[in-house]
$ cat coords.pdb   # PDB, C-alpha atoms and all ligand atoms
ATOM      1  CA  MET A   1      62.791  13.426 -21.220
ATOM      2  CA  GLY A   2      60.765  12.555 -18.138
ATOM      3  CA  ALA A   3      59.718  14.900 -15.386
ATOM      4  CA  THR A   4      60.767  18.178 -16.976
ATOM      5  CA  GLY A   5      59.107  17.481 -20.322
ATOM      6  CA  TRP A   6      55.989  16.289 -18.611
ATOM      7  CA  THR A   7      55.806  19.353 -16.402
ATOM      8  CA  ARG A   8      56.284  21.611 -19.374
ATOM      9  CA  THR A   9      53.484  19.901 -21.315
ATOM     10  CA  ARG A  10      51.197  20.274 -18.393
ATOM     11  CA  LEU A  11      52.066  23.939 -17.925
ATOM     12  CA  CYS A  12      51.330  24.593 -21.574
ATOM     13  CA  ARG A  13      47.965  22.893 -21.273
ATOM     14  CA  LEU A  14      47.294  24.937 -18.172
ATOM     15  CA  ALA A  15      48.162  28.318 -19.642
ATOM     16  CA  CYS A  16      45.106  28.827 -21.835
ATOM     17  CA  PRO A  17      42.393  27.863 -19.331
ATOM     18  CA  VAL A  18      44.030  29.884 -16.578
ATOM     19  CA  GLY A  19      44.239  32.923 -18.827
ATOM     20  CA  VAL A  20      40.600  32.515 -19.719
ATOM     21  CA  PHE A  21      39.678  32.143 -16.099
ATOM     22  CA  PHE A  22      41.123  35.520 -15.183
ATOM     23  CA  LEU A  23      39.621  37.083 -18.260
ATOM     24  CA  LEU A  24      36.239  35.748 -17.193
ATOM     25  CA  LEU A  25      36.607  37.085 -13.700
ATOM     26  CA  LEU A  26      37.418  40.467 -15.166
ATOM     27  CA  CYS A  27      34.417  40.405 -17.494
ATOM     28  CA  PHE A  28      32.173  39.173 -14.770
ATOM     29  CA  SER A  29      33.086  41.877 -12.319
ATOM     30  CA  SER A  30      32.305  44.520 -14.904
ATOM     31  CA  LEU A  31      29.091  42.893 -16.086
ATOM     32  CA  ARG A  32      27.511  41.457 -13.009
ATOM     33  CA  LEU A  33      25.371  44.483 -12.333
ATOM     34  CA  HIS A  34      23.966  44.543 -15.850
ATOM     35  CA  LEU A  35      23.061  40.960 -16.555
ATOM     36  CA  PRO A  36      20.665  40.951 -19.490
ATOM     37  CA  ASN A  37      17.399  39.075 -19.104
ATOM     38  CA  SER A  38      18.520  36.392 -21.476
ATOM     39  CA  THR A  39      21.566  35.593 -19.419
ATOM     40  CA  CYS A  40      21.628  32.081 -18.186
ATOM     41  CA  VAL A  41      22.748  31.782 -14.642
ATOM     42  CA  TRP A  42      23.811  28.356 -13.618
ATOM     43  CA  GLY A  43      21.332  26.568 -11.452
ATOM     44  CA  VAL A  44      18.616  29.153 -12.020
ATOM     45  CA  ARG A  45      15.627  28.106 -14.059
ATOM     46  CA  PRO A  46      15.502  30.140 -17.233
ATOM     47  CA  CYS A  47      18.667  28.716 -18.636
ATOM     48  CA  ARG A  48      18.174  28.487 -22.373
ATOM     49  CA  TRP A  49      21.641  27.535 -23.033
ATOM     50  CA  PHE A  50      21.422  24.200 -21.325
ATOM     51  CA  GLY A  51      18.025  23.716 -22.764
ATOM     52  CA  GLY A  52      16.116  24.813 -19.710
ATOM     53  CA  THR A  53      13.530  26.644 -21.720
ATOM     54  CA  PRO A  54      10.554  24.654 -22.879
ATOM     55  CA  PRO A  55       8.013  24.249 -25.528
ATOM     56  CA  SER A  56       4.799  25.766 -26.585
ATOM     57  CA  LYS A  57       4.144  23.977 -29.796
ATOM     58  CA  GLU A  58       4.839  20.650 -31.257
ATOM     59  CA  ASP A  59       6.356  20.665 -34.668
ATOM     60  CA  ALA A  60       8.234  17.677 -35.823
ATOM     61  CA  GLU A  61      11.180  19.732 -36.921
ATOM     62  CA  ARG A  62      14.623  18.307 -36.703
ATOM     63  CA  LYS A  63      16.933  21.104 -35.836
ATOM     64  CA  PRO A  64      20.579  20.953 -36.849
ATOM     65  CA  PRO A  65      22.838  19.992 -33.987
ATOM     66  CA  PRO A  66      23.836  21.621 -30.839
ATOM     67  CA  SER A  67      25.850  24.743 -31.054
ATOM     68  CA  ALA A  68      23.647  26.153 -28.352
ATOM     69  CA  SER A  69      23.085  29.868 -28.240
ATOM     70  CA  PRO A  70      26.450  31.213 -27.171
ATOM     71  CA  PRO A  71      26.353  32.431 -23.607
ATOM     72  CA  SER A  72      27.982  35.715 -22.836
ATOM     73  CA  ALA A  73      31.215  36.172 -20.952
ATOM     74  CA  ALA A  74      29.144  36.910 -17.871
ATOM     75  CA  THR A  75      27.493  33.543 -18.214
ATOM     76  CA  GLY A  76      30.808  31.789 -18.413
ATOM     77  CA  ALA A  77      32.048  33.652 -15.385
ATOM     78  CA  ALA A  78      28.903  32.821 -13.429
ATOM     79  CA  LEU A  79      29.558  29.213 -14.310
ATOM     80  CA  LEU A  80      33.082  29.349 -13.121
ATOM     81  CA  LEU A  81      32.028  30.894  -9.848
ATOM     82  CA  GLN A  82      29.492  28.132  -9.410
ATOM     83  CA  THR A  83      32.295  25.724 -10.199
ATOM     84  CA  LEU A  84      34.288  26.982  -7.300
ATOM     85  CA  SER A  85      31.447  26.931  -4.839
ATOM     86  CA  GLU A  86      30.983  24.142  -2.343
ATOM     87  CA  PRO A  87      29.394  20.923  -3.462
ATOM     88  CA  GLN A  88      26.040  20.206  -1.840
ATOM     89  CA  ASP A  89      25.625  17.349   0.526
ATOM     90  CA  LEU A  90      24.134  14.215  -0.957
ATOM     91  CA  GLY A  91      24.363  11.947   2.047
ATOM     92  CA  GLU A  92      26.798   9.047   2.116
ATOM     93  CA  GLY A  93      29.855   8.890  -0.076
ATOM     94  CA  PHE A  94      30.166   7.350  -3.501
ATOM     95  CA  ARG A  95      29.681   3.585  -3.846
ATOM     96  CA  ILE A  96      30.266   1.925  -7.165
ATOM     97  CA  VAL A  97      27.961  -0.931  -6.165
ATOM     98  CA  ARG A  98      25.066   1.489  -5.795
ATOM     99  CA  LEU A  99      25.942   3.070  -9.118
ATOM    100  CA  GLN A 100      25.851  -0.235 -10.921
ATOM    101  CA  ARG A 101      22.674  -1.449  -9.215
ATOM    102  CA  ALA A 102      20.834   1.761  -9.989
ATOM    103  CA  PHE A 103      21.635   1.681 -13.695
ATOM    104  CA  ALA A 104      21.056  -2.064 -13.939
ATOM    105  CA  ALA A 105      17.657  -1.552 -12.278
ATOM    106  CA  SER A 106      16.681   1.341 -14.512
ATOM    107  CA  LEU A 107      16.303  -0.866 -17.572
ATOM    108  CA  THR A 108      13.465  -3.397 -17.394
ATOM    109  CA  PRO A 109      13.582  -6.680 -19.372
ATOM    110  CA  SER A 110      11.089  -5.195 -21.817
ATOM    111  CA  GLY A 111      13.359  -2.204 -22.433
ATOM    112  CA  GLN A 112      11.478   0.390 -20.371
ATOM    113  CA  ILE A 113      13.679   2.974 -18.685
ATOM    114  CA  LEU A 114      12.617   3.719 -15.116
ATOM    115  CA  ILE A 115      13.232   7.377 -14.394
ATOM    116  CA  ARG A 116      13.459   7.083 -10.614
ATOM    117  CA  GLU A 117      16.200   4.445 -10.795
ATOM    118  CA  TYR A 118      17.974   6.390 -13.530
ATOM    119  CA  LEU A 119      18.032   9.463 -11.317
ATOM    120  CA  SER A 120      19.391   7.530  -8.344
ATOM    121  CA  GLY A 121      22.182   6.330 -10.620
ATOM    122  CA  TRP A 122      22.851   9.961 -11.478
ATOM    123  CA  LYS A 123      22.962  10.955  -7.821
ATOM    124  CA  GLU A 124      25.737   8.427  -7.385
ATOM    125  CA  LEU A 125      27.547   9.867 -10.414
ATOM    126  CA  ILE A 126      27.292  13.324  -8.873
ATOM    127  CA  LYS A 127      28.974  12.049  -5.734
ATOM    128  CA  LEU A 128      31.692  10.639  -7.943
ATOM    129  CA  MET A 129      32.145  13.959  -9.746
ATOM    130  CA  ASP A 130      32.259  15.807  -6.460
ATOM    131  CA  SER A 131      35.027  13.552  -5.234
ATOM    132  CA  LEU A 132      37.013  14.334  -8.382
ATOM    133  CA  GLY A 133      37.460  17.891  -7.186
ATOM    134  CA  ALA A 134      35.441  21.050  -6.662
ATOM    135  CA  ALA A 135      36.146  22.026 -10.259
ATOM    136  CA  PHE A 136      33.682  19.367 -11.397
ATOM    137  CA  GLY A 137      30.939  21.397  -9.756
ATOM    138  CA  LEU A 138      30.565  22.942 -13.184
ATOM    139  CA  ILE A 139      28.911  19.839 -14.556
ATOM    140  CA  SER A 140      27.599  18.312 -11.336
ATOM    141  CA  GLY A 141      25.725  21.543 -10.518
ATOM    142  CA  GLU A 142      24.089  21.403 -13.921
ATOM    143  CA  THR A 143      23.005  17.788 -13.506
ATOM    144  CA  ARG A 144      21.601  18.491 -10.032
ATOM    145  CA  THR A 145      19.298  21.071 -11.587
ATOM    146  CA  LYS A 146      18.143  18.590 -14.209
ATOM    147  CA  ILE A 147      17.494  15.904 -11.613
ATOM    148  CA  ALA A 148      15.443  18.357  -9.552
ATOM    149  CA  ILE A 149      13.300  19.254 -12.572
ATOM    150  CA  LEU A 150      12.543  15.621 -13.365
ATOM    151  CA  GLN A 151      11.744  14.850  -9.739
ATOM    152  CA  GLU A 152       9.379  17.794  -9.707
ATOM    153  CA  ASN A 153       7.652  16.328 -12.751
ATOM    154  CA  GLN A 154       7.369  12.989 -10.996
ATOM    155  CA  ARG A 155       5.774  14.585  -7.963
ATOM    156  CA  GLY A 156       3.509  16.820 -10.032
ATOM    157  CA  PRO A 157      -0.100  16.257 -11.094
ATOM    158  CA  HIS A 158       1.048  14.239 -14.124
ATOM    159  CA  GLY A 159       3.535  12.207 -12.112
ATOM    160  CA  ALA A 160       2.156   8.908 -13.371
ATOM    161  CA  HIS A 161       3.377   9.780 -16.877
ATOM    162  CA  TYR A 162       6.877  10.387 -15.574
ATOM    163  CA  ARG A 163       7.505   6.893 -14.300
ATOM    164  CA  THR A 164       9.250   5.604 -17.413
ATOM    165  CA  LEU A 165      11.070   7.421 -20.167
ATOM    166  CA  GLN A 166       8.715   5.893 -22.713
ATOM    167  CA  SER A 167       5.586   7.139 -20.957
ATOM    168  CA  MET A 168       7.123  10.585 -20.481
ATOM    169  CA  VAL A 169       7.960  10.875 -24.174
ATOM    170  CA  ARG A 170       4.487   9.687 -25.153
ATOM    171  CA  PHE A 171       2.822  12.127 -22.771
ATOM    172  CA  GLU A 172       4.887  15.166 -23.709
ATOM    173  CA  LEU A 173       4.597  14.487 -27.439
ATOM    174  CA  ALA A 174       0.825  14.096 -27.198
ATOM    175  CA  ARG A 175       0.526  17.325 -25.217
ATOM    176  CA  GLY A 176       2.930  19.282 -27.418
ATOM    177  CA  LEU A 177       5.207  19.885 -24.462
ATOM    178  CA  VAL A 178       8.482  18.724 -25.957
ATOM    179  CA  GLY A 179       9.576  21.945 -27.601
ATOM    180  CA  PHE A 180      11.327  21.126 -30.837
ATOM    181  CA  GLN A 181      12.072  24.831 -31.214
ATOM    182  CA  SER A 182      13.274  27.234 -28.609
ATOM    183  CA  LEU A 183      10.498  28.498 -26.428
ATOM    184  CA  PRO A 184       9.572  31.395 -24.204
ATOM    185  CA  ALA A 185      11.508  31.273 -20.954
ATOM    186  CA  SER A 186       8.232  31.524 -19.032
ATOM    187  CA  ARG A 187       7.339  27.898 -19.752
ATOM    188  CA  PRO A 188       8.638  25.190 -17.438
ATOM    189  CA  PRO A 189      11.364  23.007 -18.972
ATOM    190  CA  SER A 190      10.088  19.878 -20.683
ATOM    191  CA  GLY A 191      11.029  16.499 -19.289
ATOM    192  CA  CYS A 192      12.319  15.362 -22.674
ATOM    193  CA  ARG A 193      14.758  18.227 -23.012
ATOM    194  CA  THR A 194      15.869  17.926 -19.436
ATOM    195  CA  PHE A 195      16.472  14.202 -19.774
ATOM    196  CA  LEU A 196      18.436  14.751 -22.985
ATOM    197  CA  ARG A 197      20.960  16.902 -21.098
ATOM    198  CA  LEU A 198      21.536  14.120 -18.604
ATOM    199  CA  HIS A 199      21.728  11.617 -21.443
ATOM    200  CA  ARG A 200      24.529  13.540 -23.163
ATOM    201  CA  ALA A 201      26.493  13.941 -19.960
ATOM    202  CA  LEU A 202      26.054  10.225 -19.289
ATOM    203  CA  LYS A 203      27.911   9.417 -22.498
ATOM    204  CA  TRP A 204      30.843  11.484 -21.315
ATOM    205  CA  LEU A 205      31.052   9.613 -17.999
ATOM    206  CA  GLU A 206      30.521   6.260 -19.712
ATOM    207  CA  LEU A 207      33.432   6.952 -22.047
ATOM    208  CA  PHE A 208      35.647   8.253 -19.279
ATOM    209  CA  LEU A 209      35.012   5.305 -16.973
ATOM    210  CA  ARG A 210      35.557   2.861 -19.818
ATOM    211  CA  LYS A 211      38.858   4.510 -20.718
ATOM    212  CA  LEU A 212      39.839   4.381 -17.074
ATOM    213  CA  GLY A 213      38.921   0.713 -16.799
ATOM    214  CA  THR A 214      40.895  -0.309 -19.878
ATOM    215  CA  SER A 215      43.878   2.012 -19.503
ATOM    216  CA  PRO A 216      47.465   1.046 -18.704
ATOM    217  CA  VAL A 217      48.731   1.982 -15.222
ATOM    218  CA  ASP A 218      50.723   4.961 -16.438
ATOM    219  CA  ALA A 219      47.830   6.560 -18.334
ATOM    220  CA  ASP A 220      46.877  10.129 -17.436
ATOM    221  CA  PRO A 221      43.251  10.449 -16.206
ATOM    222  CA  SER A 222      43.160  14.169 -17.089
ATOM    223  CA  ARG A 223      43.824  13.263 -20.688
ATOM    224  CA  MET A 224      41.242  10.440 -20.689
ATOM    225  CA  CYS A 225      38.605  12.657 -19.149
ATOM    226  CA  ALA A 226      39.332  15.483 -21.570
ATOM    227  CA  ASP A 227      39.190  13.098 -24.548
ATOM    228  CA  ALA A 228      35.855  11.668 -23.386
ATOM    229  CA  TYR A 229      34.525  15.197 -22.930
ATOM    230  CA  GLN A 230      35.743  16.207 -26.363
ATOM    231  CA  GLU A 231      33.976  13.278 -27.915
ATOM    232  CA  ALA A 232      30.691  13.325 -26.027
ATOM    233  CA  LEU A 233      29.899  16.696 -24.533
ATOM    234  CA  ALA A 234      32.094  19.477 -25.930
ATOM    235  CA  PRO A 235      30.073  19.796 -29.169
ATOM    236  CA  TYR A 236      27.100  20.916 -27.045
ATOM    237  CA  HIS A 237      28.991  23.456 -24.974
ATOM    238  CA  SER A 238      30.082  26.984 -25.733
ATOM    239  CA  TRP A 239      33.710  27.973 -25.909
ATOM    240  CA  TRP A 240      33.546  29.430 -22.409
ATOM    241  CA  VAL A 241      32.290  26.239 -20.849
ATOM    242  CA  ARG A 242      34.831  24.165 -22.727
ATOM    243  CA  GLN A 243      37.649  26.279 -21.287
ATOM    244  CA  ALA A 244      36.271  25.948 -17.772
ATOM    245  CA  ALA A 245      35.964  22.192 -18.263
ATOM    246  CA  ALA A 246      39.531  21.939 -19.543
ATOM    247  CA  LEU A 247      40.655  23.647 -16.367
ATOM    248  CA  ALA A 248      38.664  21.235 -14.237
ATOM    249  CA  PHE A 249      40.185  18.180 -15.899
ATOM    250  CA  LEU A 250      43.728  19.352 -15.234
ATOM    251  CA  ALA A 251      43.050  19.227 -11.520
ATOM    252  CA  MET A 252      41.992  15.578 -11.590
ATOM    253  CA  PRO A 253      43.324  13.071  -9.083
ATOM    254  CA  SER A 254      45.844  10.467 -10.192
ATOM    255  CA  ARG A 255      44.753   7.152 -11.647
ATOM    256  CA  ARG A 256      45.667   5.410  -8.435
ATOM    257  CA  GLU A 257      43.566   7.829  -6.380
ATOM    258  CA  LEU A 258      40.667   7.411  -8.800
ATOM    259  CA  TYR A 259      40.742   3.669  -8.338
ATOM    260  CA  ARG A 260      40.735   4.204  -4.609
ATOM    261  CA  ILE A 261      37.608   6.381  -4.861
ATOM    262  CA  LEU A 262      35.953   3.959  -7.263
ATOM    263  CA  SER A 263      36.547   0.960  -5.056
ATOM    264  CA  ALA A 264      35.355   2.611  -1.840
ATOM    265  CA  GLY A 265      33.100   0.212   0.035
ATOM    266  CA  GLY A 266      33.406  -2.325  -2.757
ATOM    267  CA  GLY A 267      35.318  -4.882  -0.715
ATOM    268  CA  GLU A 268      37.812  -7.126  -2.448
ATOM    269  CA  GLU A 269      35.816  -7.394  -5.667
ATOM    270  CA  GLY A 270      35.376  -3.643  -5.876
ATOM    271  CA  ARG A 271      39.060  -3.222  -6.513
ATOM    272  CA  GLY A 272      40.504  -3.179  -9.979
ATOM    273  CA  PRO A 273      38.777  -2.633 -13.265
ATOM    274  CA  ARG A 274      36.346  -5.560 -13.307
ATOM    275  CA  ARG A 275      33.588  -3.998 -11.252
ATOM    276  CA  LEU A 276      34.214  -0.724 -13.039
ATOM    277  CA  LEU A 277      33.749  -2.288 -16.462
ATOM    278  CA  ASP A 278      30.598  -4.125 -15.340
ATOM    279  CA  THR A 279      29.243  -0.770 -14.227
ATOM    280  CA  VAL A 280      30.164   0.823 -17.536
ATOM    281  CA  ARG A 281      28.256  -1.948 -19.304
ATOM    282  CA  SER A 282      25.120  -1.296 -17.228
ATOM    283  CA  ILE A 283      25.367   2.406 -18.029
ATOM    284  CA  ALA A 284      25.911   1.667 -21.729
ATOM    285  CA  HIS A 285      22.748  -0.472 -21.924
ATOM    286  CA  VAL A 286      20.665   2.364 -20.501
ATOM    287  CA  TYR A 287      22.405   4.919 -22.685
ATOM    288  CA  ASN A 288      21.775   2.877 -25.831
ATOM    289  CA  ALA A 289      18.115   2.320 -25.024
ATOM    290  CA  THR A 290      17.626   6.058 -24.453
ATOM    291  CA  GLN A 291      19.488   6.895 -27.625
ATOM    292  CA  GLU A 292      17.266   4.564 -29.637
ATOM    293  CA  LEU A 293      14.078   6.023 -28.206
ATOM    294  CA  TYR A 294      15.165   9.612 -28.826
ATOM    295  CA  ALA A 295      16.344   8.802 -32.336
ATOM    296  CA  ALA A 296      13.042   7.113 -33.137
ATOM    297  CA  HIS A 297      11.220  10.349 -32.288
ATOM    298  CA  GLY A 298      13.739  12.679 -33.916
ATOM    299  CA  MET A 299      14.514  14.223 -30.544
ATOM    300  CA  LEU A 300      18.301  13.928 -30.360
ATOM    301  CA  ALA A 301      18.835  17.569 -31.242
ATOM    302  CA  LEU A 302      16.253  19.265 -29.024
ATOM    303  CA  PRO A 303      17.397  22.821 -28.352
TER     304      PRO A 303
HETATM  305  C1  LIG B   1      25.724   0.448 -27.396
HETATM  306  O1  LIG B   1      25.749   0.918 -28.731
HETATM  307  C2  LIG B   1      27.040   0.965 -29.306
HETATM  308  C3  LIG B   1      26.944   1.653 -30.651
HETATM  309  O2  LIG B   1      25.823   1.241 -31.352
HETATM  310  C4  LIG B   1      27.590  -0.459 -29.400
HETATM  311  O3  LIG B   1      28.873  -0.430 -29.974
HETATM  312  C5  LIG B   1      27.651  -1.033 -28.002
HETATM  313  O4  LIG B   1      28.090  -2.362 -28.053
HETATM  314  C6  LIG B   1      26.306  -0.960 -27.321
HETATM  315  N1  LIG B   1      26.485  -1.334 -25.924
HETATM  316  C7  LIG B   1      25.634  -2.085 -25.256
HETATM  317  C8  LIG B   1      26.011  -2.430 -23.883
HETATM  318  O5  LIG B   1      24.590  -2.476 -25.744
END
$ encode --input "coords.pdb" --output "structure tokens" --more "lines below"
Ligand SMILES: *[C@@H]1O[C@H](CO)[C@@H](O)[C@H](O)[C@H]1NC(C)=O
Amino acid sequence: MGATGWTRTRLCRLACPVGVFFLLLLCFSSLRLHLPNSTCVWGVRPCRWFGGTPPSKEDAERKPPPSASPPSAATGAALLLQTLSEPQDLGEGFRIVRLQRAFAASLTPSGQILIREYLSGWKELIKLMDSLGAAFGLISGETRTKIAILQENQRGPHGAHYRTLQSMVRFELARGLVGFQSLPASRPPSGCRTFLRLHRALKWLELFLRKLGTSPVDADPSRMCADAYQEALAPYHSWWVRQAAALAFLAMPSRRELYRILSAGGGEEGRGPRRLLDTVRSIAHVYNATQELYAAHGMLALP
């Protein structure tokens, strides 16, 4: 047993995503000149598949879960290319203290969720993802787009309604902006749909960080991250994206390296799993409050 068996397992896990990757490149090179209008290109607005398209009419329909409209091979390839592109600069490096403070501050004692604080927590999470390897650009690029949309809403003429999650939901429901059904791509994405995408991705990171914080020293972070993804996010992604994600997870740093990244700037108390698990708890409180609010309005399955 030992090294050889381990290497073989890893190679087997690698084979499928790598094959898919080359297949995608092939498809993409033949399709790139004929992208249909409906094609979602990562980071570009009309992206129905991540729920970028918004609402015209309010009907309190509960749609059956996720299985988002399957993107074409070209879409998957575009994603992969984005994945491999350089991460954008977000200023200073990741600090777990900032991550925890932001999420702790985004939930008020009365249970209101403050969007600005929530988004600064997300910016910290993006820095974390970027330090996990360029392959995570797949998901971090997506979340950057969502953050930008919500910030635009906050700066817009109705900015006052976008201060808390509760006021945003109230405002968009009253105006029929939520979009319980899929909508024409010409409409700007609704805040509720956009926030829901971040909310789902937050569960994935919450699960992953919790696994990391409670794992034995010899545990494999790639496996933990893939399991968390499987549980929280994979059901909302197409087959193509799931393959690209699987590839990204294989390239993850070791557990030791992850702890080094997570404790950066944390001083003595930043080391080890305690600070990490405190952070996970702050994230979980915000996640649960969001989940409750969305469930109460039947909005957990917005397209
Ligand atoms: C969040 O909700 C889950 C499931 O309902 C529960 O198990 C967990 O304890 C909650 N976490 C926090 C921090 O409230």
$ closest_residue --input "coords.pdb" --among "A:Glu117, A:Phe103, A:Arg163, A:Gly141" --to "ligand LIG 1 (chain B)" --atoms "all atoms listed in the file"
A:Phe103
$ axis_aligned_box --input "coords.pdb" --around "ligand LIG 1 (chain B)" --padding-each-side "6 Å" --output "lines of an AutoDock Vina configuration file"
center_x = 26.7
center_y = -0.4
center_z = -27.6
size_x = 16.3
size_y = 16.1
size_z = 19.5
$ closest_residue --input "coords.pdb" --among "A:Ala248, A:Ala301, A:Ala102, A:Leu107" --to "ligand LIG 1 (chain B)" --atoms "all atoms listed in the file"
A:Leu107
$ closest_residue --input "coords.pdb" --among "A:Ala219, A:Leu258, A:Ala226, A:Ala289" --to "Leu128 (chain A)" --atoms "all atoms listed in the file"
A:Leu258
$ residues_near_ligand --input "coords.pdb" --ligand "ligand LIG 1 (chain B)" --cutoff "12 Å" --atoms "all atoms listed in the file" --output "mmCIF file with C-alpha atoms, in the coordinates of the input"
data_model
loop_
_atom_site.group_PDB
_atom_site.id
_atom_site.type_symbol
_atom_site.label_atom_id
_atom_site.label_comp_id
_atom_site.auth_asym_id
_atom_site.auth_seq_id
_atom_site.Cartn_x
_atom_site.Cartn_y
_atom_site.Cartn_z
ATOM 1 C CA PHE A 103 21.635 1.681 -13.695
ATOM 2 C CA ALA A 104 21.056 -2.064 -13.939
ATOM 3 C CA LEU A 107 16.303 -0.866 -17.572
ATOM 4 C CA GLY A 111 13.359 -2.204 -22.433
ATOM 5 C CA LYS A 203 27.911 9.417 -22.498
ATOM 6 C CA GLU A 206 30.521 6.260 -19.712
ATOM 7 C CA LEU A 207 33.432 6.952 -22.047
ATOM 8 C CA ARG A 210 35.557 2.861 -19.818
ATOM 9 C CA LEU A 277 33.749 -2.288 -16.462
ATOM 10 C CA ASP A 278 30.598 -4.125 -15.340
ATOM 11 C CA THR A 279 29.243 -0.770 -14.227
ATOM 12 C CA VAL A 280 30.164 0.823 -17.536
ATOM 13 C CA ARG A 281 28.256 -1.948 -19.304
ATOM 14 C CA SER A 282 25.120 -1.296 -17.228
ATOM 15 C CA ILE A 283 25.367 2.406 -18.029
ATOM 16 C CA ALA A 284 25.911 1.667 -21.729
ATOM 17 C CA HIS A 285 22.748 -0.472 -21.924
ATOM 18 C CA VAL A 286 20.665 2.364 -20.501
ATOM 19 C CA TYR A 287 22.405 4.919 -22.685
ATOM 20 C CA ASN A 288 21.775 2.877 -25.831
ATOM 21 C CA ALA A 289 18.115 2.320 -25.024
ATOM 22 C CA THR A 290 17.626 6.058 -24.453
ATOM 23 C CA GLN A 291 19.488 6.895 -27.625
ATOM 24 C CA GLU A 292 17.266 4.564 -29.637
#
$ residues_near_point --input "coords.pdb" --point "(-3.4, 17.0, -17.4)" --cutoff "10 Å" --atoms "all atoms listed in the file" --output "MDAnalysis selection string"
chainID A and resid 157:159 161 171 175
$ closest_residue --input "coords.pdb" --among "A:Ala174, A:Thr145, A:Asp220, A:Leu202" --to "Tyr118 (chain A)" --atoms "all atoms listed in the file"
A:Leu202
$ residues_around --input "coords.pdb" --residues "Phe94 (chain A)" --least-positions-apart "6" --cutoff "9 Å" --atoms "all atoms listed in the file" --output "PyMOL selection string"
chain A and resi 124-128+131+261-262+264-265
